[in-house]
Amino acid sequence: MNINKMQTTHPYKNKSNNMESLSLAHAKEILTDYLETSDLRKTPERYAVLKAIYSFEGHFKIEELGKMLEENNFRVSRATLYNTMKLFLQLRLVMQHRVQGKTWYEAKTSQSNHCHQICTVCGKVTEIELPEVIAALNRAKLSRFRKDGFALYIYGTCSSCQAKITRRKNMK
Ligand SMILES: [Zn+2]
Ligand SMILES: [Zn+2]
């Protein structure tokens, strides 16, 4: 890859707000660069997993990823799947959220700077648009630090868990 290409496609440098924007094409490029420079094999499994990750809208569990791959007639062992996710986390192609003992993932996309609502009862992760919060964080002056992105968590109880709790209370 030549230097010019790298500058225009680097995920952290092509956005006016200097935050990341990563499409599947960019993600593939980062993976290929890594595999080539590390003398690792460009196995079709790794690319199939990456494609599946980027086809999810929002958050998913690793079991759902496995199912999605199976549905596309791509069988990968659990070990391969976990190792691949570990690599993608290292390359920052995927984000990991650990909530209430459950692990959720999501692709790093242009929507990667967003706010999460975490239900502390069932562990469900949903996203919420809080443009004023995002804007404040983008403006924030950091101390000797260049930010690449952020994830925000708001903890609470989701509506279905609230309903269950209310029902249980009413039964007493
Ligand atoms: Zn998210
Ligand atoms: Zn809940």
# chains A, B, ... in the order shown; residues from 1 in each chain; ligands from 1
>>> residues_around(residues="stretch 120-134 of chain A", least_positions_apart="5", cutoff="12 Å", atoms="only C-alpha atoms", output="PyMOL selection string")
chain A and resi 17+19+57-61+96-106+111-115+139-140+149-165
>>> residues_around(residues="A:Thr43", least_positions_apart="5", cutoff="12 Å", atoms="only C-alpha atoms", output="PyMOL selection string")
chain A and resi 31-32+35-36+48-50+76+80+84
>>> write_last_selection(atoms="C-alpha atoms", output="PDB file, in the first residue's frame")
ATOM      1  CA  LEU A  31      -7.221  -6.697   8.018  1.00  0.00           C
ATOM      2  CA  THR A  32      -5.346  -7.396   4.777  1.00  0.00           C
ATOM      3  CA  LEU A  35      -2.232 -10.219   7.757  1.00  0.00           C
ATOM      4  CA  GLU A  36       0.289  -9.376   5.058  1.00  0.00           C
ATOM      5  CA  ALA A  48     -16.359 -14.145   6.122  1.00  0.00           C
ATOM      6  CA  VAL A  49     -16.477 -13.315   9.840  1.00  0.00           C
ATOM      7  CA  LEU A  50     -15.657  -9.674   9.131  1.00  0.00           C
ATOM      8  CA  VAL A  76     -16.396 -21.868  11.617  1.00  0.00           C
ATOM      9  CA  THR A  80     -11.765 -19.934  15.282  1.00  0.00           C
ATOM     10  CA  THR A  84     -10.931 -14.097  15.041  1.00  0.00           C
TER      11      THR A  84
END
>>> residues_around(residues="A:Arg75", least_positions_apart="4", cutoff="9 Å", atoms="only C-alpha atoms", output="list in words")
Glu45, Gly66, Leu69, Glu70 and Glu71 of chain A
>>> select_by_dssp(residues="chain A", states="helix (DSSP H, G or I)", output="ChimeraX atom specification")
/A:3-9,24-37,44-55,62-71,78-90,110-112,131-139,159-171
>>> closest_residue(among="A:Leu87, A:Ala27, A:Leu40, A:Ala107", to="ligand 1", atoms="only C-alpha atoms and all ligand atoms")
A:Ala107
>>> atom_distance(atom1="atom CA of A:Lys42", atom2="atom CA of A:Ala79")
17.2 Å
>>> select_by_dssp(residues="stretch 18-136 of chain A", states="strand (DSSP E)", output="list in words")
Val94, Met95, Gln96, His97, Arg98, Val99, Lys102, Thr103, Trp104, Tyr105, Glu106, Ala107, His114, Cys115, His116, Gln117, Ile118, Cys119, Val125, Thr126, Glu127 and Ile128 of chain A
>>> closest_residue(among="A:Ser55, A:Tyr47, A:Lys147, A:Ala136", to="A:Leu81", atoms="only C-alpha atoms")
A:Tyr47
